[in-house]
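J.: Got final_32.cif for you, mmCIF, C-alpha atoms:
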```
data_target
#
loop_
_atom_site.group_PDB
_atom_site.id
_atom_site.type_symbol
_atom_site.label_atom_id
_atom_site.label_comp_id
_atom_site.auth_asym_id
_atom_site.auth_seq_id
_atom_site.Cartn_x
_atom_site.Cartn_y
_atom_site.Cartn_z
ATOM 1 C CA GLY A 1 -28.008 -11.935 -8.880
ATOM 2 C CA VAL A 2 -24.635 -11.280 -10.515
ATOM 3 C CA VAL A 3 -23.340 -7.908 -9.369
ATOM 4 C CA MET A 4 -20.177 -7.541 -11.434
ATOM 5 C CA ALA A 5 -19.340 -7.939 -15.092
ATOM 6 C CA ARG A 6 -17.790 -11.219 -16.151
ATOM 7 C CA ARG A 7 -14.456 -11.338 -17.934
ATOM 8 C CA ASN A 8 -16.324 -11.695 -21.219
ATOM 9 C CA LYS A 9 -17.774 -8.233 -20.621
ATOM 10 C CA ALA A 10 -21.322 -9.446 -19.954
ATOM 11 C CA PRO A 11 -23.598 -6.512 -19.081
ATOM 12 C CA LEU A 12 -23.895 -5.555 -15.434
ATOM 13 C CA SER A 13 -27.146 -6.244 -13.633
ATOM 14 C CA GLU A 14 -29.275 -3.276 -12.565
ATOM 15 C CA LEU A 15 -28.203 -3.855 -8.976
ATOM 16 C CA ALA A 16 -24.543 -3.830 -9.978
ATOM 17 C CA VAL A 17 -24.982 -0.653 -12.005
ATOM 18 C CA LYS A 18 -26.607 1.028 -9.009
ATOM 19 C CA MET A 19 -23.866 -0.081 -6.610
ATOM 20 C CA ASN A 20 -21.171 1.001 -9.045
ATOM 21 C CA ALA A 21 -22.777 4.445 -9.303
ATOM 22 C CA ASP A 22 -23.139 4.682 -5.517
ATOM 23 C CA LEU A 23 -19.463 3.845 -5.053
ATOM 24 C CA VAL A 24 -18.303 6.354 -7.658
ATOM 25 C CA LEU A 25 -20.490 9.114 -6.222
ATOM 26 C CA SER A 26 -19.156 8.404 -2.733
ATOM 27 C CA GLY A 27 -15.639 9.122 -4.000
ATOM 28 C CA LYS A 28 -14.289 5.569 -3.896
ATOM 29 C CA ARG A 29 -11.197 4.894 -5.981
ATOM 30 C CA PRO A 30 -11.461 2.440 -8.938
ATOM 31 C CA LYS A 31 -9.555 -0.261 -7.057
ATOM 32 C CA THR A 32 -11.963 0.032 -4.115
ATOM 33 C CA VAL A 33 -14.980 -0.022 -6.422
ATOM 34 C CA LYS A 34 -13.726 -3.250 -7.985
ATOM 35 C CA ALA A 35 -13.066 -4.890 -4.598
ATOM 36 C CA TYR A 36 -16.469 -3.949 -3.139
ATOM 37 C CA LEU A 37 -18.334 -5.183 -6.212
ATOM 38 C CA ALA A 38 -16.366 -8.434 -6.116
ATOM 39 C CA ALA A 39 -17.275 -8.981 -2.453
ATOM 40 C CA VAL A 40 -21.001 -8.771 -3.122
ATOM 41 C CA ARG A 41 -20.647 -10.923 -6.234
ATOM 42 C CA GLN A 42 -18.906 -13.651 -4.198
ATOM 43 C CA LEU A 43 -21.670 -13.539 -1.597
ATOM 44 C CA ALA A 44 -24.343 -13.950 -4.283
ATOM 45 C CA ARG A 45 -22.456 -16.857 -5.858
ATOM 46 C CA TYR A 46 -22.075 -18.618 -2.517
ATOM 47 C CA TYR A 47 -25.834 -18.679 -1.901
ATOM 48 C CA GLU A 48 -26.794 -18.688 -5.605
ATOM 49 C CA THR A 49 -29.226 -15.948 -4.644
ATOM 50 C CA PRO A 50 -29.379 -12.238 -5.511
ATOM 51 C CA PRO A 51 -27.819 -10.292 -2.597
ATOM 52 C CA ASP A 52 -30.913 -8.142 -2.081
ATOM 53 C CA ARG A 53 -32.843 -11.324 -1.175
ATOM 54 C CA LEU A 54 -30.493 -12.491 1.567
ATOM 55 C CA ASP A 55 -31.074 -11.870 5.259
ATOM 56 C CA GLU A 56 -28.623 -10.689 7.885
ATOM 57 C CA ALA A 57 -28.059 -14.155 9.345
ATOM 58 C CA GLN A 58 -26.977 -15.472 5.930
ATOM 59 C CA VAL A 59 -24.529 -12.631 5.391
ATOM 60 C CA ARG A 60 -23.010 -13.076 8.847
ATOM 61 C CA ALA A 61 -22.787 -16.841 8.347
ATOM 62 C CA TRP A 62 -20.809 -16.318 5.135
ATOM 63 C CA LEU A 63 -18.380 -14.004 6.900
ATOM 64 C CA VAL A 64 -17.920 -16.597 9.648
ATOM 65 C CA TYR A 65 -17.282 -19.222 6.958
ATOM 66 C CA LEU A 66 -14.584 -17.066 5.373
ATOM 67 C CA ALA A 67 -12.892 -16.361 8.679
ATOM 68 C CA ASP A 68 -13.289 -19.738 10.396
ATOM 69 C CA LYS A 69 -13.273 -22.289 7.581
ATOM 70 C CA LYS A 70 -11.412 -20.548 4.791
ATOM 71 C CA LYS A 71 -8.986 -18.927 7.277
ATOM 72 C CA LEU A 72 -8.811 -15.694 5.327
ATOM 73 C CA ALA A 73 -6.380 -13.165 6.735
ATOM 74 C CA THR A 74 -7.671 -9.963 8.285
ATOM 75 C CA GLY A 75 -6.268 -7.935 5.413
ATOM 76 C CA THR A 76 -8.260 -10.058 2.939
ATOM 77 C CA LEU A 77 -11.452 -9.926 4.969
ATOM 78 C CA GLN A 78 -11.338 -6.171 5.458
ATOM 79 C CA PRO A 79 -12.411 -5.103 1.930
ATOM 80 C CA ILE A 80 -15.013 -7.890 1.822
ATOM 81 C CA LEU A 81 -16.628 -6.689 5.032
ATOM 82 C CA ALA A 82 -16.430 -3.066 3.912
ATOM 83 C CA GLY A 83 -18.048 -3.930 0.594
ATOM 84 C CA LEU A 84 -20.944 -5.722 2.264
ATOM 85 C CA LYS A 85 -21.447 -2.888 4.733
ATOM 86 C CA PHE A 86 -21.574 -0.414 1.865
ATOM 87 C CA PHE A 87 -24.032 -2.497 -0.149
ATOM 88 C CA TYR A 88 -26.427 -3.039 2.762
ATOM 89 C CA SER A 89 -26.265 0.556 3.978
ATOM 90 C CA VAL A 90 -26.243 2.525 0.713
ATOM 91 C CA THR A 91 -27.183 0.480 -2.367
ATOM 92 C CA CYS A 92 -29.669 -1.845 -0.695
ATOM 93 C CA PRO A 93 -30.312 -0.304 2.740
ATOM 94 C CA ARG A 94 -31.055 -2.709 5.572
ATOM 95 C CA ASP A 95 -31.358 -1.942 9.256
ATOM 96 C CA TRP A 96 -28.812 -4.576 10.204
ATOM 97 C CA THR A 97 -27.082 -3.245 13.297
ATOM 98 C CA SER A 98 -25.102 -6.408 14.002
ATOM 99 C CA LEU A 99 -23.488 -6.352 10.553
ATOM 100 C CA GLN A 100 -22.543 -2.693 10.858
ATOM 101 C CA SER A 101 -21.099 -3.280 14.325
ATOM 102 C CA ILE A 102 -18.576 -5.916 13.162
ATOM 103 C CA ARG A 103 -15.010 -4.661 13.622
ATOM 104 C CA LEU A 104 -12.026 -6.649 12.430
ATOM 105 C CA PRO A 105 -8.814 -6.426 14.465
ATOM 106 C CA ARG A 106 -6.024 -4.367 13.001
ATOM 107 C CA SER A 107 -3.255 -6.384 11.408
ATOM 108 C CA ARG A 108 -0.152 -6.371 13.630
ATOM 109 C CA THR A 109 2.242 -7.916 11.136
ATOM 110 C CA LEU A 110 5.303 -5.851 10.344
ATOM 111 C CA PRO A 111 5.782 -4.841 6.703
ATOM 112 C CA VAL A 112 8.537 -6.463 4.666
ATOM 113 C CA ILE A 113 11.395 -4.138 3.742
ATOM 114 C CA LEU A 114 14.479 -4.299 1.547
ATOM 115 C CA SER A 115 17.864 -2.853 2.440
ATOM 116 C CA ARG A 116 19.211 0.109 0.478
ATOM 117 C CA GLU A 117 21.654 -2.208 -1.270
ATOM 118 C CA GLN A 118 18.852 -4.579 -2.271
ATOM 119 C CA VAL A 119 16.769 -1.719 -3.677
ATOM 120 C CA GLN A 120 19.723 -0.393 -5.657
ATOM 121 C CA THR A 121 20.404 -3.865 -7.046
ATOM 122 C CA LEU A 122 16.732 -4.302 -7.944
ATOM 123 C CA LEU A 123 16.710 -1.034 -9.890
ATOM 124 C CA ALA A 124 19.985 -1.876 -11.643
ATOM 125 C CA ARG A 125 18.636 -5.258 -12.752
ATOM 126 C CA THR A 126 15.374 -3.866 -14.140
ATOM 127 C CA GLN A 127 16.312 -3.911 -17.795
ATOM 128 C CA LEU A 128 13.216 -2.289 -19.293
ATOM 129 C CA PHE A 129 13.737 1.440 -18.899
ATOM 130 C CA HIS A 130 10.085 2.414 -18.342
ATOM 131 C CA TYR A 131 9.706 -0.067 -15.493
ATOM 132 C CA ARG A 132 12.998 0.996 -13.906
ATOM 133 C CA ALA A 133 11.839 4.612 -14.009
ATOM 134 C CA PHE A 134 8.532 3.629 -12.422
ATOM 135 C CA PHE A 135 10.170 1.588 -9.659
ATOM 136 C CA GLN A 136 12.664 4.356 -8.898
ATOM 137 C CA VAL A 137 10.061 7.095 -8.569
ATOM 138 C CA CYS A 138 7.939 4.872 -6.316
ATOM 139 C CA TYR A 139 10.920 4.197 -4.051
ATOM 140 C CA THR A 140 12.488 7.659 -3.908
ATOM 141 C CA CYS A 141 9.124 9.391 -3.370
ATOM 142 C CA GLY A 142 7.412 6.730 -1.232
ATOM 143 C CA LEU A 143 4.540 6.288 -3.679
ATOM 144 C CA ARG A 144 1.825 3.681 -3.826
ATOM 145 C CA LEU A 145 1.364 1.903 -7.136
ATOM 146 C CA GLY A 146 -1.736 3.968 -7.886
ATOM 147 C CA ASP A 147 0.121 7.185 -7.062
ATOM 148 C CA GLY A 148 2.805 6.355 -9.618
ATOM 149 C CA ARG A 149 0.319 5.418 -12.336
ATOM 150 C CA GLY A 150 -1.543 8.673 -11.759
ATOM 151 C CA LEU A 151 1.463 10.940 -12.255
ATOM 152 C CA GLN A 152 1.271 13.570 -14.990
ATOM 153 C CA PRO A 153 4.311 15.289 -16.518
ATOM 154 C CA GLY A 154 3.229 18.589 -14.977
ATOM 155 C CA ASP A 155 3.236 17.083 -11.494
ATOM 156 C CA ILE A 156 7.046 17.083 -11.428
ATOM 157 C CA ASP A 157 8.338 20.435 -10.186
ATOM 158 C CA ALA A 158 12.021 20.206 -11.075
ATOM 159 C CA SER A 159 12.859 23.754 -9.923
ATOM 160 C CA HIS A 160 11.713 23.036 -6.370
ATOM 161 C CA GLY A 161 12.598 19.343 -6.331
ATOM 162 C CA GLN A 162 9.116 18.136 -5.500
ATOM 163 C CA VAL A 163 6.255 16.150 -6.970
ATOM 164 C CA LEU A 164 2.507 16.635 -6.605
ATOM 165 C CA VAL A 165 0.763 13.359 -5.797
ATOM 166 C CA ARG A 166 -2.839 13.753 -6.897
ATOM 167 C CA ASN A 167 -5.957 12.035 -5.605
ATOM 168 C CA SER A 168 -4.081 9.544 -3.461
ATOM 169 C CA LYS A 169 -5.714 7.258 -0.906
ATOM 170 C CA ARG A 170 -8.855 8.838 0.546
ATOM 171 C CA SER A 171 -8.761 11.367 -2.311
ATOM 172 C CA LYS A 172 -5.967 13.424 -0.757
ATOM 173 C CA ASP A 173 -3.293 15.397 -2.596
ATOM 174 C CA ARG A 174 0.180 15.801 -1.143
ATOM 175 C CA ILE A 175 3.567 17.208 -2.099
ATOM 176 C CA VAL A 176 6.706 15.140 -1.554
ATOM 177 C CA PRO A 177 10.366 15.795 -2.316
ATOM 178 C CA ILE A 178 11.968 14.072 -5.277
ATOM 179 C CA PRO A 179 15.735 13.567 -5.700
ATOM 180 C CA ALA A 180 17.540 15.305 -8.554
ATOM 181 C CA THR A 181 18.710 11.918 -9.879
ATOM 182 C CA THR A 182 15.102 10.749 -10.202
ATOM 183 C CA ILE A 183 14.103 14.007 -11.913
ATOM 184 C CA GLU A 184 16.846 13.499 -14.492
ATOM 185 C CA LEU A 185 15.800 9.885 -15.021
ATOM 186 C CA LEU A 186 12.162 10.903 -15.534
ATOM 187 C CA ARG A 187 13.182 13.699 -17.903
ATOM 188 C CA THR A 188 15.126 11.208 -20.014
ATOM 189 C CA TYR A 189 12.259 8.715 -19.876
ATOM 190 C CA TRP A 190 9.609 11.289 -20.860
ATOM 191 C CA LYS A 191 11.557 12.105 -24.015
ATOM 192 C CA THR A 192 10.920 8.517 -25.173
ATOM 193 C CA HIS A 193 7.173 9.163 -25.504
ATOM 194 C CA ARG A 194 6.483 12.909 -24.863
ATOM 195 C CA ASN A 195 2.958 12.154 -23.716
ATOM 196 C CA PRO A 196 1.413 15.337 -22.217
ATOM 197 C CA HIS A 197 -1.283 13.478 -20.299
ATOM 198 C CA VAL A 198 0.394 10.690 -18.305
ATOM 199 C CA LEU A 199 3.972 10.224 -17.210
ATOM 200 C CA PHE A 200 3.814 6.435 -17.563
ATOM 201 C CA PRO A 201 1.531 5.829 -20.563
ATOM 202 C CA SER A 202 0.139 2.454 -21.547
ATOM 203 C CA ARG A 203 2.310 0.543 -24.010
ATOM 204 C CA SER A 204 -0.429 -1.789 -25.220
ATOM 205 C CA ASP A 205 -0.622 0.201 -28.462
ATOM 206 C CA MET A 206 2.759 1.776 -29.198
ATOM 207 C CA SER A 207 1.281 3.847 -32.029
ATOM 208 C CA ARG A 208 -0.717 5.790 -29.408
ATOM 209 C CA ILE A 209 1.886 6.007 -26.661
ATOM 210 C CA GLY A 210 2.287 9.752 -27.176
ATOM 211 C CA THR A 211 -1.441 10.530 -27.024
ATOM 212 C CA THR A 212 -3.129 7.914 -24.826
ATOM 213 C CA THR A 213 -4.619 8.921 -21.480
ATOM 214 C CA GLU A 214 -4.264 5.385 -20.100
ATOM 215 C CA ALA A 215 -1.385 4.534 -17.764
ATOM 216 C CA MET A 216 0.662 1.338 -17.764
ATOM 217 C CA SER A 217 -1.399 -1.545 -16.435
ATOM 218 C CA GLU A 218 -1.159 -2.392 -12.769
ATOM 219 C CA ARG A 219 -0.920 -6.074 -13.625
ATOM 220 C CA SER A 220 2.102 -5.653 -15.910
ATOM 221 C CA ILE A 221 3.905 -3.503 -13.322
ATOM 222 C CA GLN A 222 3.389 -6.073 -10.584
ATOM 223 C CA ARG A 223 4.359 -8.946 -12.882
ATOM 224 C CA VAL A 224 7.651 -7.350 -13.951
ATOM 225 C CA PHE A 225 8.456 -6.425 -10.356
ATOM 226 C CA GLN A 226 7.997 -10.043 -9.266
ATOM 227 C CA VAL A 227 10.250 -11.273 -12.066
ATOM 228 C CA VAL A 228 13.055 -8.945 -10.962
ATOM 229 C CA VAL A 229 12.593 -9.901 -7.296
ATOM 230 C CA GLN A 230 12.868 -13.593 -8.168
ATOM 231 C CA GLU A 231 16.132 -12.934 -9.991
ATOM 232 C CA LEU A 232 17.519 -11.290 -6.849
ATOM 233 C CA HIS A 233 16.835 -14.427 -4.788
ATOM 234 C CA VAL A 234 15.696 -12.318 -1.841
ATOM 235 C CA ALA A 235 15.319 -14.537 1.204
ATOM 236 C CA LYS A 236 12.048 -12.843 2.170
ATOM 237 C CA THR A 237 8.423 -13.627 1.420
ATOM 238 C CA GLY A 238 5.750 -11.104 0.577
ATOM 239 C CA VAL A 239 7.998 -8.733 -1.388
ATOM 240 C CA ARG A 240 5.854 -6.675 -3.768
ATOM 241 C CA LEU A 241 5.899 -3.215 -5.258
ATOM 242 C CA HIS A 242 4.467 -1.704 -2.063
ATOM 243 C CA THR A 243 7.630 -2.995 -0.342
ATOM 244 C CA LEU A 244 9.476 -0.088 -1.977
ATOM 245 C CA ARG A 245 7.235 2.347 -0.074
ATOM 246 C CA HIS A 246 7.839 0.486 3.207
ATOM 247 C CA SER A 247 11.583 0.522 2.514
ATOM 248 C CA TYR A 248 11.504 4.252 1.744
ATOM 249 C CA ALA A 249 9.840 5.000 5.083
ATOM 250 C CA THR A 250 12.262 2.860 7.063
ATOM 251 C CA HIS A 251 15.333 4.207 5.286
ATOM 252 C CA LEU A 252 14.261 7.813 5.950
ATOM 253 C CA LEU A 253 13.825 7.060 9.647
ATOM 254 C CA ASP A 254 17.273 5.451 9.625
ATOM 255 C CA ALA A 255 18.588 8.721 8.211
ATOM 256 C CA GLY A 256 17.028 10.684 11.077
ATOM 257 C CA VAL A 257 13.919 12.099 9.358
ATOM 258 C CA ASN A 258 11.326 13.281 11.881
ATOM 259 C CA LEU A 259 8.315 11.004 12.277
ATOM 260 C CA LYS A 260 5.825 13.846 11.714
ATOM 261 C CA VAL A 261 7.606 14.844 8.506
ATOM 262 C CA LEU A 262 7.545 11.238 7.324
ATOM 263 C CA GLN A 263 3.823 11.086 8.070
ATOM 264 C CA GLN A 264 3.295 14.024 5.702
ATOM 265 C CA TYR A 265 5.431 12.460 2.981
ATOM 266 C CA LEU A 266 3.512 9.177 3.175
ATOM 267 C CA GLY A 267 0.116 10.885 3.355
ATOM 268 C CA HIS A 268 -0.926 9.055 6.522
ATOM 269 C CA THR A 269 -3.967 10.456 8.308
ATOM 270 C CA SER A 270 -2.881 9.026 11.653
ATOM 271 C CA LEU A 271 0.595 9.193 13.150
ATOM 272 C CA GLN A 272 -0.028 5.693 14.564
ATOM 273 C CA THR A 273 0.086 4.314 11.034
ATOM 274 C CA THR A 274 3.530 5.841 10.515
ATOM 275 C CA GLU A 275 4.823 4.667 13.906
ATOM 276 C CA ILE A 276 4.918 1.047 12.774
ATOM 277 C CA TYR A 277 8.145 1.862 10.911
ATOM 278 C CA LEU A 278 9.836 2.699 14.207
ATOM 279 C CA GLN A 279 9.946 -1.040 14.857
ATOM 280 C CA LEU A 280 11.904 -1.579 11.646
ATOM 281 C CA THR A 281 14.411 1.246 11.774
ATOM 282 C CA GLN A 282 18.072 0.665 12.592
ATOM 283 C CA GLN A 283 18.453 4.175 14.023
ATOM 284 C CA GLY A 284 20.194 3.975 17.393
ATOM 285 C CA ASP A 285 20.086 0.198 17.241
ATOM 286 C CA GLU A 286 23.813 -0.327 17.734
ATOM 287 C CA GLN A 287 23.866 1.815 20.857
ATOM 288 C CA ALA A 288 20.850 -0.040 22.224
ATOM 289 C CA ARG A 289 22.454 -3.400 21.488
ATOM 290 C CA ARG A 290 25.603 -2.394 23.371
ATOM 291 C CA ALA A 291 23.459 -1.422 26.335
ATOM 292 C CA VAL A 292 21.648 -4.773 26.238
ATOM 293 C CA ASP A 293 24.908 -6.693 25.965
ATOM 294 C CA GLY A 294 26.232 -4.876 29.024
ATOM 295 C CA LEU A 295 23.261 -5.503 31.289
ATOM 296 C CA LEU A 296 25.165 -8.130 33.296
ATOM 297 C CA ASP A 297 28.493 -6.358 33.304
ATOM 298 C CA ALA A 298 29.813 -5.427 36.742
ATOM 299 C CA PRO A 299 28.420 -1.999 37.625
ATOM 300 C CA PRO A 300 30.847 0.767 38.492
ATOM 301 C CA PRO A 301 31.507 1.178 42.230
ATOM 302 C CA ASP A 302 29.157 3.446 44.107
ATOM 303 C CA PRO A 303 31.183 6.287 45.670
ATOM 304 C CA SER A 304 28.867 6.425 48.690
ATOM 305 C CA GLU A 305 29.358 2.725 49.366
ATOM 306 C CA SER A 306 33.152 3.117 49.085
ATOM 307 C CA SER A 307 33.034 5.871 51.676
ATOM 308 C CA ALA A 308 30.916 3.700 53.957
ATOM 309 C CA ASP A 309 33.334 0.797 53.616
ATOM 310 C CA ALA A 310 36.266 3.045 54.425
ATOM 311 C CA ALA A 311 34.442 4.311 57.473
ATOM 312 C CA GLY A 312 33.741 0.750 58.580
ATOM 313 C CA ASP A 313 37.403 -0.203 58.347
ATOM 314 C CA ALA A 314 38.443 2.703 60.553
ATOM 315 C CA PRO A 315 39.269 1.852 64.185
ATOM 316 C CA SER A 316 36.511 2.401 66.685
ATOM 317 C CA PRO A 317 36.945 5.452 68.879
#
```
Write out the structure in this file as structure tokens.
T.:
Amino acid sequence: GVVMARRNKAPLSELAVKMNADLVLSGKRPKTVKAYLAAVRQLARYYETPPDRLDEAQVRAWLVYLADKKKLATGTLQPILAGLKFFYSVTCPRDWTSLQSIRLPRSRTLPVILSREQVQTLLARTQLFHYRAFFQVCYTCGLRLGDGRGLQPGDIDASHGQVLVRNSKRSKDRIVPIPATTIELLRTYWKTHRNPHVLFPSRSDMSRIGTTTEAMSERSIQRVFQVVVQELHVAKTGVRLHTLRHSYATHLLDAGVNLKVLQQYLGHTSLQTTEIYLQLTQQGDEQARRAVDGLLDAPPPDPSESSADAAGDAPSP
């Protein structure tokens, strides 16, 4: 009934192997594969029963338990539901229409952002050069963590000032501009390892840093980022590496970048996804605030009314 390997590298069950293969063949990214497998594993643990022996009512009851009793946020429930839908439609097909029809509401919470000054301070206080280079490229190019880890030296086109982001979310490639200052930083950083395969190679074995095909671990990147954030004493909760991407989007809108152009830079399929940053931008905010402050100011006199008043004061014929 276990559908994912334990931390002690116990062998996967046949069902887990099949689901893993199904996920890979469907084009799911490694992070998604891990999340979907974990969802089915948690379901099996809850009932102490292999997932292929559960019925639809049991699966729905577990989802209700997570939402109603455990109070899991929509963003946490989303990959769990998606993983179960995949398992019971592809790996272990069941004609469960009610499960497939479940739709979670979209999260309406606004993303956390940092000001330009806060981002600059964060980069300046990141003492380890390889992490500072990683954070800077993520911010100045609006990259996801996985995008940054997947960069290859050849993806940086210094002559045109752009970077090729390969196999991003939903397996899409995109080209985004990169500042000259970041290009110079990356050039200096690459000279410290000269790895031809990955721009940010794993440092777990320094003797292989120039030849490994493994990138720096996601866990170490997130951990170092949190340490730097704590040192900044930012009075905001939920600041994580992805906050740099949110900040990038908002800062570009502040600078007057067109929303459609920003959509292309971020690799969003829908413009609605990009529009959320309009609620965070400061562009035109001062003018709007002045208009709001003046709502109760005395309006200018209406010329037509002045003429009417003058006519009324005139002596009757």
J.: What do you get, as number ranges by chain, if you spell out every residue that the PyMOL selection byres ((chain A and resi 14-21) around 12) selects here?
T.: A: 1-6, 10-13, 22-41, 44, 50-53, 83-93
J.: Check the smallest atom-to-atom distance from each of A:Gln100, A:Asn258, A:Asn167, A:Thr250 to Ser115 in chain A using all atoms listed in the file, then report the winner.
T.: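 So, comparing all the options, the nearest one is A:Thr250.
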J.: To one decimal place, how far is CA of Thr140 in chain A from CA of His251 in chain A in Å?
T.: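 These two atoms are separated by 10.2 Å.
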J.: Between A:His242, A:Lys172, A:His193, A:His160, which one has atoms that come closest to Gln226 in chain A, using only C-alpha atoms?
T.: A:His242
J.: Residues within 12 Å of Gly150 in chain A, please, as an mmCIF file with C-alpha atoms, in the frame of the given file. Count all atoms listed in the file; anything in the same chain fewer than 2 positions from it doesn't count.
T.:
```
data_model
loop_
_atom_site.group_PDB
_atom_site.id
_atom_site.type_symbol
_atom_site.label_atom_id
_atom_site.label_comp_id
_atom_site.auth_asym_id
_atom_site.auth_seq_id
_atom_site.Cartn_x
_atom_site.Cartn_y
_atom_site.Cartn_z
ATOM 1 C CA ARG A 29 -11.197 4.894 -5.981
ATOM 2 C CA PHE A 134 8.532 3.629 -12.422
ATOM 3 C CA CYS A 138 7.939 4.872 -6.316
ATOM 4 C CA LEU A 143 4.540 6.288 -3.679
ATOM 5 C CA ARG A 144 1.825 3.681 -3.826
ATOM 6 C CA LEU A 145 1.364 1.903 -7.136
ATOM 7 C CA GLY A 146 -1.736 3.968 -7.886
ATOM 8 C CA ASP A 147 0.121 7.185 -7.062
ATOM 9 C CA GLY A 148 2.805 6.355 -9.618
ATOM 10 C CA GLN A 152 1.271 13.570 -14.990
ATOM 11 C CA PRO A 153 4.311 15.289 -16.518
ATOM 12 C CA GLY A 154 3.229 18.589 -14.977
ATOM 13 C CA ASP A 155 3.236 17.083 -11.494
ATOM 14 C CA VAL A 163 6.255 16.150 -6.970
ATOM 15 C CA LEU A 164 2.507 16.635 -6.605
ATOM 16 C CA VAL A 165 0.763 13.359 -5.797
ATOM 17 C CA ARG A 166 -2.839 13.753 -6.897
ATOM 18 C CA ASN A 167 -5.957 12.035 -5.605
ATOM 19 C CA SER A 168 -4.081 9.544 -3.461
ATOM 20 C CA LYS A 169 -5.714 7.258 -0.906
ATOM 21 C CA ASP A 173 -3.293 15.397 -2.596
ATOM 22 C CA HIS A 197 -1.283 13.478 -20.299
ATOM 23 C CA VAL A 198 0.394 10.690 -18.305
ATOM 24 C CA LEU A 199 3.972 10.224 -17.210
ATOM 25 C CA PHE A 200 3.814 6.435 -17.563
ATOM 26 C CA PRO A 201 1.531 5.829 -20.563
ATOM 27 C CA SER A 202 0.139 2.454 -21.547
ATOM 28 C CA THR A 213 -4.619 8.921 -21.480
ATOM 29 C CA GLU A 214 -4.264 5.385 -20.100
ATOM 30 C CA ALA A 215 -1.385 4.534 -17.764
ATOM 31 C CA MET A 216 0.662 1.338 -17.764
ATOM 32 C CA SER A 217 -1.399 -1.545 -16.435
ATOM 33 C CA GLU A 218 -1.159 -2.392 -12.769
#
```
J.: With distances taken over all atoms listed in the file, which residue among A:Pro111, A:Pro105, A:Gly267, A:Gly75 lies nearest Ser247 in chain A?
T.: A:Pro111
J.: Which value, in Å to one decimal, gives the distance between CA of Leu241 in chain A and CA of Phe225 in chain A?
T.: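 Atom-to-atom, CA of Leu241 in chain A and CA of Phe225 in chain A are spaced 6.5 Å apart.
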J.: If you measure from CA of Val229 in chain A to CA of Ala133 in chain A, what distance in Å do you get, rounded to one decimal?
T.: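 Straight-line distance from CA of Val229 in chain A to CA of Ala133 in chain A works out to 16.0 Å.
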J.: Check the smallest atom-to-atom distance from each of A:Leu110, A:Arg223, A:Ala82, A:Leu66 to Thr281 in chain A using all atoms listed in the file, then report the winner.
T.: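 Using all atoms listed in the file, the shortest distance to Thr281 in chain A belongs to A:Leu110.
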J.: Could you give me, as a list of chain:residue names, the residues within 10 Å of range 273-279 of chain A, counting all atoms listed in the file and dropping anything in the same chain fewer than 2 positions from it?
T.: A:Arg108, A:Thr109, A:Leu110, A:Pro111, A:Ile113, A:His246, A:Ser247, A:Ala249, A:Thr250, A:His251, A:Leu252, A:Leu253, A:Asp254, A:Leu259, A:Lys260, A:Leu262, A:Gln263, A:Gln264, A:Leu266, A:Gly267, A:His268, A:Thr269, A:Ser270, A:Leu271, A:Thr281, A:Gln282, A:Gln283
J.: Put range 242-252 of chain A into a file with N, CA and C atoms, as a PDB file, in the first residue's frame.
T.:
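Writing the result to selection31.pdb gives the following:
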```pdb
ATOM      1  N   HIS A 242      10.306  32.696  -3.932  1.00  0.00           N
ATOM      2  CA  HIS A 242       9.351  33.070  -4.972  1.00  0.00           C
ATOM      3  C   HIS A 242       8.922  34.528  -4.834  1.00  0.00           C
ATOM      4  N   THR A 243       9.133  35.107  -3.624  1.00  0.00           N
ATOM      5  CA  THR A 243       8.815  36.518  -3.406  1.00  0.00           C
ATOM      6  C   THR A 243       9.635  37.405  -4.332  1.00  0.00           C
ATOM      7  N   LEU A 244      10.841  36.983  -4.697  1.00  0.00           N
ATOM      8  CA  LEU A 244      11.659  37.756  -5.622  1.00  0.00           C
ATOM      9  C   LEU A 244      10.977  37.861  -6.985  1.00  0.00           C
ATOM     10  N   ARG A 245      10.334  36.804  -7.425  1.00  0.00           N
ATOM     11  CA  ARG A 245       9.608  36.818  -8.702  1.00  0.00           C
ATOM     12  C   ARG A 245       8.407  37.756  -8.617  1.00  0.00           C
ATOM     13  N   HIS A 246       7.660  37.682  -7.494  1.00  0.00           N
ATOM     14  CA  HIS A 246       6.526  38.593  -7.307  1.00  0.00           C
ATOM     15  C   HIS A 246       7.004  40.047  -7.294  1.00  0.00           C
ATOM     16  N   SER A 247       8.122  40.289  -6.636  1.00  0.00           N
ATOM     17  CA  SER A 247       8.662  41.649  -6.536  1.00  0.00           C
ATOM     18  C   SER A 247       9.096  42.147  -7.912  1.00  0.00           C
ATOM     19  N   TYR A 248       9.730  41.290  -8.680  1.00  0.00           N
ATOM     20  CA  TYR A 248      10.144  41.620 -10.045  1.00  0.00           C
ATOM     21  C   TYR A 248       8.950  42.089 -10.871  1.00  0.00           C
ATOM     22  N   ALA A 249       7.865  41.319 -10.819  1.00  0.00           N
ATOM     23  CA  ALA A 249       6.676  41.651 -11.610  1.00  0.00           C
ATOM     24  C   ALA A 249       6.102  42.999 -11.193  1.00  0.00           C
ATOM     25  N   THR A 250       5.995  43.218  -9.897  1.00  0.00           N
ATOM     26  CA  THR A 250       5.420  44.463  -9.400  1.00  0.00           C
ATOM     27  C   THR A 250       6.316  45.647  -9.715  1.00  0.00           C
ATOM     28  N   HIS A 251       7.607  45.486  -9.577  1.00  0.00           N
ATOM     29  CA  HIS A 251       8.538  46.580  -9.853  1.00  0.00           C
ATOM     30  C   HIS A 251       8.547  46.949 -11.332  1.00  0.00           C
ATOM     31  N   LEU A 252       8.379  45.963 -12.226  1.00  0.00           N
ATOM     32  CA  LEU A 252       8.320  46.270 -13.654  1.00  0.00           C
ATOM     33  C   LEU A 252       7.035  47.026 -13.993  1.00  0.00           C
TER      34      LEU A 252
END
```
